[in-house]
file upload.cif (mmCIF, N, CA and C atoms)
data_protein
#
loop_
_atom_site.group_PDB
_atom_site.id
_atom_site.type_symbol
_atom_site.label_atom_id
_atom_site.label_comp_id
_atom_site.auth_asym_id
_atom_site.auth_seq_id
_atom_site.Cartn_x
_atom_site.Cartn_y
_atom_site.Cartn_z
ATOM 1 N N MET T 1 23.509 89.223 -20.303
ATOM 2 C CA MET T 1 22.196 89.204 -19.709
ATOM 3 C C MET T 1 22.261 89.735 -18.301
ATOM 4 N N SER T 2 21.085 90.021 -17.784
ATOM 5 C CA SER T 2 21.045 90.616 -16.455
ATOM 6 C C SER T 2 21.423 89.610 -15.384
ATOM 7 N N GLU T 3 21.740 90.142 -14.213
ATOM 8 C CA GLU T 3 22.130 89.315 -13.073
ATOM 9 C C GLU T 3 21.014 88.350 -12.697
ATOM 10 N N GLY T 4 19.758 88.808 -12.808
ATOM 11 C CA GLY T 4 18.628 87.972 -12.427
ATOM 12 C C GLY T 4 18.442 86.753 -13.299
ATOM 13 N N ALA T 5 19.063 86.713 -14.463
ATOM 14 C CA ALA T 5 18.893 85.592 -15.374
ATOM 15 C C ALA T 5 19.485 84.313 -14.813
ATOM 16 N N SER T 6 20.373 84.402 -13.839
ATOM 17 C CA SER T 6 21.002 83.212 -13.294
ATOM 18 C C SER T 6 20.173 82.570 -12.183
ATOM 19 N N GLY T 7 19.224 83.300 -11.619
ATOM 20 C CA GLY T 7 18.395 82.776 -10.542
ATOM 21 C C GLY T 7 17.098 82.187 -11.073
ATOM 22 N N PRO T 8 16.188 81.792 -10.157
ATOM 23 C CA PRO T 8 14.887 81.264 -10.571
ATOM 24 C C PRO T 8 14.108 82.309 -11.364
ATOM 25 N N ARG T 9 13.401 81.830 -12.368
ATOM 26 C CA ARG T 9 12.664 82.747 -13.245
ATOM 27 C C ARG T 9 11.247 82.249 -13.458
ATOM 28 N N ASP T 10 10.359 83.164 -13.750
ATOM 29 C CA ASP T 10 8.987 82.822 -14.098
ATOM 30 C C ASP T 10 8.772 82.885 -15.598
ATOM 31 N N THR T 11 9.846 82.962 -16.345
ATOM 32 C CA THR T 11 9.739 83.086 -17.796
ATOM 33 C C THR T 11 10.632 82.065 -18.480
ATOM 34 N N ILE T 12 10.350 81.855 -19.737
ATOM 35 C CA ILE T 12 11.232 81.075 -20.607
ATOM 36 C C ILE T 12 11.911 82.093 -21.506
ATOM 37 N N GLY T 13 13.213 82.010 -21.619
ATOM 38 C CA GLY T 13 13.944 82.973 -22.436
ATOM 39 C C GLY T 13 14.078 84.307 -21.729
ATOM 40 N N MET T 14 14.497 85.303 -22.480
ATOM 41 C CA MET T 14 14.659 86.639 -21.921
ATOM 42 C C MET T 14 13.292 87.275 -21.666
ATOM 43 N N THR T 15 13.241 88.154 -20.680
ATOM 44 C CA THR T 15 12.031 88.925 -20.448
ATOM 45 C C THR T 15 11.947 90.024 -21.509
ATOM 46 N N ALA T 16 10.797 90.644 -21.618
ATOM 47 C CA ALA T 16 10.638 91.749 -22.566
ATOM 48 C C ALA T 16 11.625 92.871 -22.249
ATOM 49 N N VAL T 17 11.822 93.151 -20.972
ATOM 50 C CA VAL T 17 12.765 94.204 -20.571
ATOM 51 C C VAL T 17 14.182 93.851 -21.020
ATOM 52 N N GLU T 18 14.568 92.583 -20.828
ATOM 53 C CA GLU T 18 15.902 92.146 -21.255
ATOM 54 C C GLU T 18 16.053 92.208 -22.776
ATOM 55 N N MET T 19 15.006 91.809 -23.495
ATOM 56 C CA MET T 19 15.066 91.874 -24.955
ATOM 57 C C MET T 19 15.172 93.319 -25.437
ATOM 58 N N LEU T 20 14.427 94.224 -24.818
ATOM 59 C CA LEU T 20 14.495 95.631 -25.204
ATOM 60 C C LEU T 20 15.878 96.223 -24.916
ATOM 61 N N ALA T 21 16.463 95.831 -23.786
ATOM 62 C CA ALA T 21 17.819 96.300 -23.461
ATOM 63 C C ALA T 21 18.822 95.765 -24.480
ATOM 64 N N TYR T 22 18.665 94.516 -24.861
ATOM 65 C CA TYR T 22 19.544 93.916 -25.860
ATOM 66 C C TYR T 22 19.368 94.613 -27.210
ATOM 67 N N LEU T 23 18.124 94.898 -27.567
ATOM 68 C CA LEU T 23 17.844 95.632 -28.804
ATOM 69 C C LEU T 23 18.538 96.983 -28.792
ATOM 70 N N ASP T 24 18.437 97.705 -27.682
ATOM 71 C CA ASP T 24 19.088 99.014 -27.581
ATOM 72 C C ASP T 24 20.596 98.890 -27.773
ATOM 73 N N ALA T 25 21.194 97.863 -27.188
ATOM 74 C CA ALA T 25 22.642 97.657 -27.347
ATOM 75 C C ALA T 25 22.987 97.369 -28.804
ATOM 76 N N LEU T 26 22.181 96.545 -29.454
ATOM 77 C CA LEU T 26 22.421 96.245 -30.875
ATOM 78 C C LEU T 26 22.286 97.488 -31.744
ATOM 79 N N LEU T 27 21.241 98.276 -31.480
ATOM 80 C CA LEU T 27 21.042 99.493 -32.267
ATOM 81 C C LEU T 27 22.167 100.496 -32.046
ATOM 82 N N GLN T 28 22.648 100.596 -30.818
ATOM 83 C CA GLN T 28 23.780 101.491 -30.530
ATOM 84 C C GLN T 28 25.009 101.069 -31.340
ATOM 85 N N GLU T 29 25.259 99.759 -31.353
ATOM 86 C CA GLU T 29 26.408 99.232 -32.096
ATOM 87 C C GLU T 29 26.272 99.512 -33.593
ATOM 88 N N GLU T 30 25.101 99.239 -34.123
ATOM 89 C CA GLU T 30 24.866 99.485 -35.553
ATOM 90 C C GLU T 30 24.940 100.971 -35.881
ATOM 91 N N ALA T 31 24.406 101.805 -35.007
ATOM 92 C CA ALA T 31 24.447 103.254 -35.226
ATOM 93 C C ALA T 31 25.878 103.763 -35.223
ATOM 94 N N ALA T 32 26.705 103.221 -34.346
ATOM 95 C CA ALA T 32 28.115 103.627 -34.304
ATOM 96 C C ALA T 32 28.825 103.254 -35.599
ATOM 97 N N GLU T 33 28.533 102.053 -36.107
ATOM 98 C CA GLU T 33 29.128 101.628 -37.380
ATOM 99 C C GLU T 33 28.650 102.507 -38.530
ATOM 100 N N ALA T 34 27.354 102.795 -38.561
ATOM 101 C CA ALA T 34 26.807 103.646 -39.620
ATOM 102 C C ALA T 34 27.388 105.052 -39.536
ATOM 103 N N ALA T 35 27.525 105.552 -38.325
ATOM 104 C CA ALA T 35 28.071 106.900 -38.136
ATOM 105 C C ALA T 35 29.510 106.975 -38.621
ATOM 106 N N ALA T 36 30.291 105.952 -38.332
ATOM 107 C CA ALA T 36 31.679 105.931 -38.783
ATOM 108 C C ALA T 36 31.758 105.914 -40.304
ATOM 109 N N ALA T 37 30.867 105.185 -40.925
ATOM 110 C CA ALA T 37 30.868 105.091 -42.380
ATOM 111 C C ALA T 37 30.360 106.372 -43.052
ATOM 112 N N ARG T 38 29.450 107.074 -42.389
ATOM 113 C CA ARG T 38 28.828 108.251 -42.996
ATOM 114 C C ARG T 38 29.394 109.579 -42.493
ATOM 115 N N GLY T 39 30.230 109.525 -41.480
ATOM 116 C CA GLY T 39 30.774 110.765 -40.929
ATOM 117 C C GLY T 39 29.767 111.544 -40.099
ATOM 118 N N THR T 40 28.867 110.819 -39.446
ATOM 119 C CA THR T 40 27.875 111.451 -38.564
ATOM 120 C C THR T 40 28.117 110.944 -37.144
ATOM 121 N N THR T 41 27.179 111.198 -36.271
ATOM 122 C CA THR T 41 27.278 110.674 -34.911
ATOM 123 C C THR T 41 26.286 109.524 -34.743
ATOM 124 N N ALA T 42 26.526 108.708 -33.739
ATOM 125 C CA ALA T 42 25.601 107.611 -33.449
ATOM 126 C C ALA T 42 24.220 108.161 -33.095
ATOM 127 N N GLU T 43 24.184 109.270 -32.380
ATOM 128 C CA GLU T 43 22.906 109.877 -32.000
ATOM 129 C C GLU T 43 22.114 110.301 -33.235
ATOM 130 N N GLU T 44 22.818 110.907 -34.217
ATOM 131 C CA GLU T 44 22.137 111.297 -35.460
ATOM 132 C C GLU T 44 21.591 110.078 -36.184
ATOM 133 N N GLU T 45 22.371 109.004 -36.210
ATOM 134 C CA GLU T 45 21.912 107.781 -36.866
ATOM 135 C C GLU T 45 20.697 107.205 -36.151
ATOM 136 N N LEU T 46 20.730 107.175 -34.815
ATOM 137 C CA LEU T 46 19.601 106.642 -34.050
ATOM 138 C C LEU T 46 18.333 107.459 -34.243
ATOM 139 N N ASP T 47 18.490 108.756 -34.536
ATOM 140 C CA ASP T 47 17.340 109.626 -34.787
ATOM 141 C C ASP T 47 16.821 109.532 -36.217
ATOM 142 N N SER T 48 17.526 108.808 -37.070
ATOM 143 C CA SER T 48 17.137 108.726 -38.483
ATOM 144 C C SER T 48 15.894 107.853 -38.664
ATOM 145 N N PRO T 49 15.162 108.069 -39.757
ATOM 146 C CA PRO T 49 13.953 107.265 -40.005
ATOM 147 C C PRO T 49 14.235 105.762 -40.071
ATOM 148 N N GLY T 50 15.372 105.374 -40.612
ATOM 149 C CA GLY T 50 15.696 103.949 -40.717
ATOM 150 C C GLY T 50 15.837 103.281 -39.362
ATOM 151 N N PHE T 51 16.550 103.932 -38.465
ATOM 152 C CA PHE T 51 16.706 103.360 -37.129
ATOM 153 C C PHE T 51 15.399 103.426 -36.349
ATOM 154 N N ALA T 52 14.619 104.466 -36.547
ATOM 155 C CA ALA T 52 13.315 104.557 -35.883
ATOM 156 C C ALA T 52 12.408 103.418 -36.342
ATOM 157 N N ALA T 53 12.436 103.121 -37.630
ATOM 158 C CA ALA T 53 11.625 102.026 -38.164
ATOM 159 C C ALA T 53 12.107 100.682 -37.628
ATOM 160 N N ALA T 54 13.415 100.502 -37.558
ATOM 161 C CA ALA T 54 13.963 99.249 -37.029
ATOM 162 C C ALA T 54 13.565 99.070 -35.567
ATOM 163 N N ARG T 55 13.656 100.137 -34.789
ATOM 164 C CA ARG T 55 13.294 100.064 -33.367
ATOM 165 C C ARG T 55 11.804 99.733 -33.214
ATOM 166 N N ALA T 56 10.957 100.372 -34.000
ATOM 167 C CA ALA T 56 9.518 100.121 -33.908
ATOM 168 C C ALA T 56 9.183 98.686 -34.293
ATOM 169 N N ALA T 57 9.749 98.213 -35.393
ATOM 170 C CA ALA T 57 9.476 96.838 -35.831
ATOM 171 C C ALA T 57 9.967 95.834 -34.797
ATOM 172 N N ALA T 58 11.136 96.069 -34.260
ATOM 173 C CA ALA T 58 11.692 95.158 -33.263
ATOM 174 C C ALA T 58 10.864 95.191 -31.978
ATOM 175 N N SER T 59 10.334 96.347 -31.603
ATOM 176 C CA SER T 59 9.505 96.434 -30.398
ATOM 177 C C SER T 59 8.255 95.580 -30.528
ATOM 178 N N TYR T 60 7.632 95.608 -31.698
ATOM 179 C CA TYR T 60 6.460 94.758 -31.926
ATOM 180 C C TYR T 60 6.858 93.290 -31.911
ATOM 181 N N THR T 61 7.990 92.974 -32.492
ATOM 182 C CA THR T 61 8.472 91.597 -32.508
ATOM 183 C C THR T 61 8.735 91.110 -31.091
ATOM 184 N N ILE T 62 9.310 91.955 -30.263
ATOM 185 C CA ILE T 62 9.578 91.585 -28.872
ATOM 186 C C ILE T 62 8.276 91.297 -28.140
ATOM 187 N N LYS T 63 7.233 92.067 -28.408
ATOM 188 C CA LYS T 63 5.936 91.800 -27.776
ATOM 189 C C LYS T 63 5.408 90.429 -28.197
ATOM 190 N N LEU T 64 5.569 90.075 -29.457
ATOM 191 C CA LEU T 64 5.133 88.766 -29.937
ATOM 192 C C LEU T 64 5.943 87.646 -29.302
ATOM 193 N N ILE T 65 7.252 87.827 -29.222
ATOM 194 C CA ILE T 65 8.115 86.811 -28.610
ATOM 195 C C ILE T 65 7.761 86.647 -27.140
ATOM 196 N N ASP T 66 7.542 87.739 -26.447
ATOM 197 C CA ASP T 66 7.199 87.682 -25.034
ATOM 198 C C ASP T 66 5.880 86.932 -24.834
ATOM 199 N N ALA T 67 4.898 87.223 -25.667
ATOM 200 C CA ALA T 67 3.617 86.520 -25.576
ATOM 201 C C ALA T 67 3.799 85.031 -25.865
ATOM 202 N N ASN T 68 4.605 84.703 -26.847
ATOM 203 C CA ASN T 68 4.853 83.306 -27.178
ATOM 204 C C ASN T 68 5.591 82.593 -26.048
ATOM 205 N N ASN T 69 6.563 83.262 -25.442
ATOM 206 C CA ASN T 69 7.280 82.669 -24.311
ATOM 207 C C ASN T 69 6.315 82.371 -23.161
ATOM 208 N N SER T 70 5.385 83.279 -22.924
ATOM 209 C CA SER T 70 4.390 83.066 -21.868
ATOM 210 C C SER T 70 3.492 81.878 -22.202
ATOM 211 N N TYR T 71 3.100 81.785 -23.458
ATOM 212 C CA TYR T 71 2.261 80.669 -23.896
ATOM 213 C C TYR T 71 2.993 79.343 -23.705
ATOM 214 N N ILE T 72 4.254 79.283 -24.103
ATOM 215 C CA ILE T 72 5.041 78.054 -23.958
ATOM 216 C C ILE T 72 5.201 77.697 -22.487
ATOM 217 N N ALA T 73 5.500 78.680 -21.656
ATOM 218 C CA ALA T 73 5.647 78.423 -20.226
ATOM 219 C C ALA T 73 4.349 77.869 -19.641
ATOM 220 N N ARG T 74 3.220 78.475 -19.985
ATOM 221 C CA ARG T 74 1.924 78.005 -19.472
ATOM 222 C C ARG T 74 1.658 76.581 -19.942
ATOM 223 N N TYR T 75 1.954 76.303 -21.195
ATOM 224 C CA TYR T 75 1.761 74.966 -21.769
ATOM 225 C C TYR T 75 2.587 73.941 -20.990
ATOM 226 N N LEU T 76 3.844 74.246 -20.731
ATOM 227 C CA LEU T 76 4.723 73.321 -20.017
ATOM 228 C C LEU T 76 4.323 73.187 -18.544
ATOM 229 N N LEU T 77 3.914 74.286 -17.925
ATOM 230 C CA LEU T 77 3.446 74.232 -16.536
ATOM 231 C C LEU T 77 2.189 73.369 -16.412
ATOM 232 N N ASP T 78 1.254 73.553 -17.328
ATOM 233 C CA ASP T 78 0.001 72.810 -17.287
ATOM 234 C C ASP T 78 0.220 71.311 -17.437
ATOM 235 N N ARG T 79 1.290 70.916 -18.089
ATOM 236 C CA ARG T 79 1.594 69.505 -18.298
ATOM 237 C C ARG T 79 2.584 68.956 -17.272
ATOM 238 N N GLY T 80 2.940 69.801 -16.301
ATOM 239 C CA GLY T 80 3.844 69.362 -15.242
ATOM 240 C C GLY T 80 5.288 69.193 -15.688
ATOM 241 N N LEU T 81 5.629 69.780 -16.827
ATOM 242 C CA LEU T 81 6.997 69.657 -17.343
ATOM 243 C C LEU T 81 7.933 70.718 -16.790
ATOM 244 N N LEU T 82 7.352 71.756 -16.195
ATOM 245 C CA LEU T 82 8.123 72.796 -15.502
ATOM 246 C C LEU T 82 7.574 72.913 -14.096
ATOM 247 N N PRO T 83 8.459 73.077 -13.111
ATOM 248 C CA PRO T 83 7.945 73.292 -11.753
ATOM 249 C C PRO T 83 7.345 74.685 -11.646
ATOM 250 N N GLY T 84 6.250 74.806 -10.930
ATOM 251 C CA GLY T 84 5.648 76.121 -10.690
ATOM 252 C C GLY T 84 6.459 76.887 -9.664
ATOM 253 N N SER T 85 6.202 78.164 -9.538
ATOM 254 C CA SER T 85 6.953 78.992 -8.590
ATOM 255 C C SER T 85 6.694 78.576 -7.148
ATOM 256 N N GLY T 86 5.583 77.881 -6.884
ATOM 257 C CA GLY T 86 5.283 77.409 -5.543
ATOM 258 C C GLY T 86 5.840 76.028 -5.256
ATOM 259 N N ASP T 87 6.440 75.394 -6.265
ATOM 260 C CA ASP T 87 6.979 74.015 -6.094
ATOM 261 C C ASP T 87 8.350 74.017 -5.460
#

call {"tool": "encode", "arguments": {"input": "upload.cif", "output": "structure tokens"}}
result
Amino acid sequence: MSEGASGPRDTIGMTAVEMLAYLDALLQEEAAEAAAARGTTAEEELDSPGFAAARAAASYTIKLIDANNSYIARYLLDRGLLPGSGD
């Protein structure tokens, strides 16, 4: 995770940017494995329809997770279970 994850945060869980970076790392790893098995390059695998579909689906999922994390944070803040950034 990023360096900022160790300090104070306004989010619960990873940020959308952190999740997208993690997704990219996972896709790179999977593409390298697929390339080794198929005799292609990781770049060719990442450009394939399968990887494009996986990236698109995961991007939408990350948006949902990010929205849910925000909802949970607001819920906990409203009930005084999390300190606000001004506390």

call {"tool": "atom_distance", "arguments": {"input": "upload.cif", "atom1": "CA of Ala54 in chain T", "atom2": "CA of Met14 in chain T"}}
result
19.7 Å

call {"tool": "select_by_dssp", "arguments": {"input": "upload.cif", "residues": "range 9-76 of chain T", "states": "helix (DSSP H, G or I)", "output": "VMD selection string"}}
result
chain T and resid 16 to 38 42 to 46 49 to 76

call {"tool": "atom_distance", "arguments": {"input": "upload.cif", "atom1": "atom N of Ile62 in chain T", "atom2": "atom N of Glu29 in chain T"}}
result
17.8 Å

call {"tool": "atom_distance", "arguments": {"input": "upload.cif", "atom1": "atom N of Ala52 in chain T", "atom2": "atom N of Asn68 in chain T"}}
result
24.2 Å

call {"tool": "closest_residue", "arguments": {"input": "upload.cif", "among": "T:Ala31, T:Ala25, T:Ile65, T:Met19", "to": "Glu45 in chain T", "atoms": "only N, CA and C atoms"}}
result
T:Ala31

call {"tool": "closest_residue", "arguments": {"input": "upload.cif", "among": "T:Thr11, T:Leu27, T:Asn69, T:Ala37", "to": "Gly50 in chain T", "atoms": "only C-alpha atoms"}}
result
T:Leu27

call {"tool": "residues_around", "arguments": {"input": "upload.cif", "residues": "Ala67 in chain T", "least_positions_apart": "6", "cutoff": "8 Å", "atoms": "all atoms listed in the file", "output": "PyMOL selection string"}}
result
chain T and resi 16+61+73

call {"tool": "decode", "arguments": {"input": "upload.cif", "residues": "range 48-60 of chain T", "atoms": "all heavy atoms", "output": "compact mmCIF listing (two decimals), in the first residue's frame"}}
result
# COMPACT_ATOMS: atom_id res chain seq x y z
N SER T 48 -5.52 -7.74 -24.84
CA SER T 48 -6.52 -8.71 -25.31
C SER T 48 -7.91 -8.38 -24.78
O SER T 48 -8.05 -7.70 -23.76
CB SER T 48 -6.12 -10.12 -24.88
OG SER T 48 -6.33 -10.27 -23.48
N PRO T 49 -8.95 -8.85 -25.47
CA PRO T 49 -10.32 -8.58 -25.02
C PRO T 49 -10.60 -9.09 -23.60
O PRO T 49 -11.32 -8.44 -22.84
CB PRO T 49 -11.19 -9.31 -26.05
CG PRO T 49 -10.34 -9.41 -27.26
CD PRO T 49 -8.93 -9.55 -26.77
N GLY T 50 -10.02 -10.22 -23.24
CA GLY T 50 -10.25 -10.78 -21.90
C GLY T 50 -9.73 -9.88 -20.80
O GLY T 50 -10.43 -9.62 -19.81
N PHE T 51 -8.53 -9.38 -20.97
CA PHE T 51 -7.97 -8.48 -19.96
C PHE T 51 -8.68 -7.13 -19.98
O PHE T 51 -8.87 -6.52 -18.92
CB PHE T 51 -6.46 -8.31 -20.14
CG PHE T 51 -5.66 -9.40 -19.48
CD1 PHE T 51 -5.30 -10.54 -20.18
CD2 PHE T 51 -5.30 -9.30 -18.15
CE1 PHE T 51 -4.58 -11.55 -19.56
CE2 PHE T 51 -4.58 -10.31 -17.52
CZ PHE T 51 -4.22 -11.43 -18.23
N ALA T 52 -9.09 -6.67 -21.14
CA ALA T 52 -9.84 -5.41 -21.21
C ALA T 52 -11.17 -5.55 -20.47
O ALA T 52 -11.57 -4.64 -19.74
CB ALA T 52 -10.08 -5.02 -22.67
N ALA T 53 -11.82 -6.68 -20.63
CA ALA T 53 -13.09 -6.92 -19.94
C ALA T 53 -12.88 -7.01 -18.43
O ALA T 53 -13.67 -6.46 -17.65
CB ALA T 53 -13.75 -8.20 -20.46
N ALA T 54 -11.81 -7.68 -18.02
CA ALA T 54 -11.52 -7.80 -16.59
C ALA T 54 -11.24 -6.42 -15.99
O ALA T 54 -11.72 -6.09 -14.90
CB ALA T 54 -10.33 -8.73 -16.37
N ARG T 55 -10.47 -5.61 -16.70
CA ARG T 55 -10.15 -4.26 -16.20
C ARG T 55 -11.42 -3.42 -16.10
O ARG T 55 -11.63 -2.71 -15.11
CB ARG T 55 -9.15 -3.58 -17.12
CG ARG T 55 -8.67 -2.23 -16.61
CD ARG T 55 -7.72 -1.54 -17.58
NE ARG T 55 -6.65 -2.40 -18.04
CZ ARG T 55 -5.47 -2.54 -17.43
NH1 ARG T 55 -5.23 -1.87 -16.33
NH2 ARG T 55 -4.55 -3.34 -17.92
N ALA T 56 -12.28 -3.48 -17.10
CA ALA T 56 -13.51 -2.70 -17.08
C ALA T 56 -14.43 -3.13 -15.94
O ALA T 56 -14.95 -2.29 -15.19
CB ALA T 56 -14.24 -2.82 -18.42
N ALA T 57 -14.61 -4.44 -15.78
CA ALA T 57 -15.47 -4.94 -14.70
C ALA T 57 -14.91 -4.55 -13.34
O ALA T 57 -15.66 -4.13 -12.45
CB ALA T 57 -15.62 -6.45 -14.82
N ALA T 58 -13.62 -4.68 -13.18
CA ALA T 58 -13.00 -4.35 -11.90
C ALA T 58 -13.09 -2.84 -11.63
O ALA T 58 -13.27 -2.43 -10.48
CB ALA T 58 -11.55 -4.81 -11.87
N SER T 59 -12.99 -2.02 -12.66
CA SER T 59 -13.10 -0.57 -12.47
C SER T 59 -14.48 -0.19 -11.94
O SER T 59 -14.59 0.65 -11.04
CB SER T 59 -12.83 0.17 -13.78
OG SER T 59 -11.49 -0.01 -14.16
N TYR T 60 -15.52 -0.82 -12.47
CA TYR T 60 -16.87 -0.56 -11.96
C TYR T 60 -17.00 -1.06 -10.53
O TYR T 60 -17.61 -0.41 -9.68
CB TYR T 60 -17.93 -1.22 -12.84
CG TYR T 60 -18.12 -0.50 -14.15
CD1 TYR T 60 -17.82 -1.12 -15.35
CD2 TYR T 60 -18.60 0.80 -14.19
CE1 TYR T 60 -17.99 -0.47 -16.56
CE2 TYR T 60 -18.77 1.47 -15.40
CZ TYR T 60 -18.47 0.82 -16.58
OH TYR T 60 -18.64 1.48 -17.76
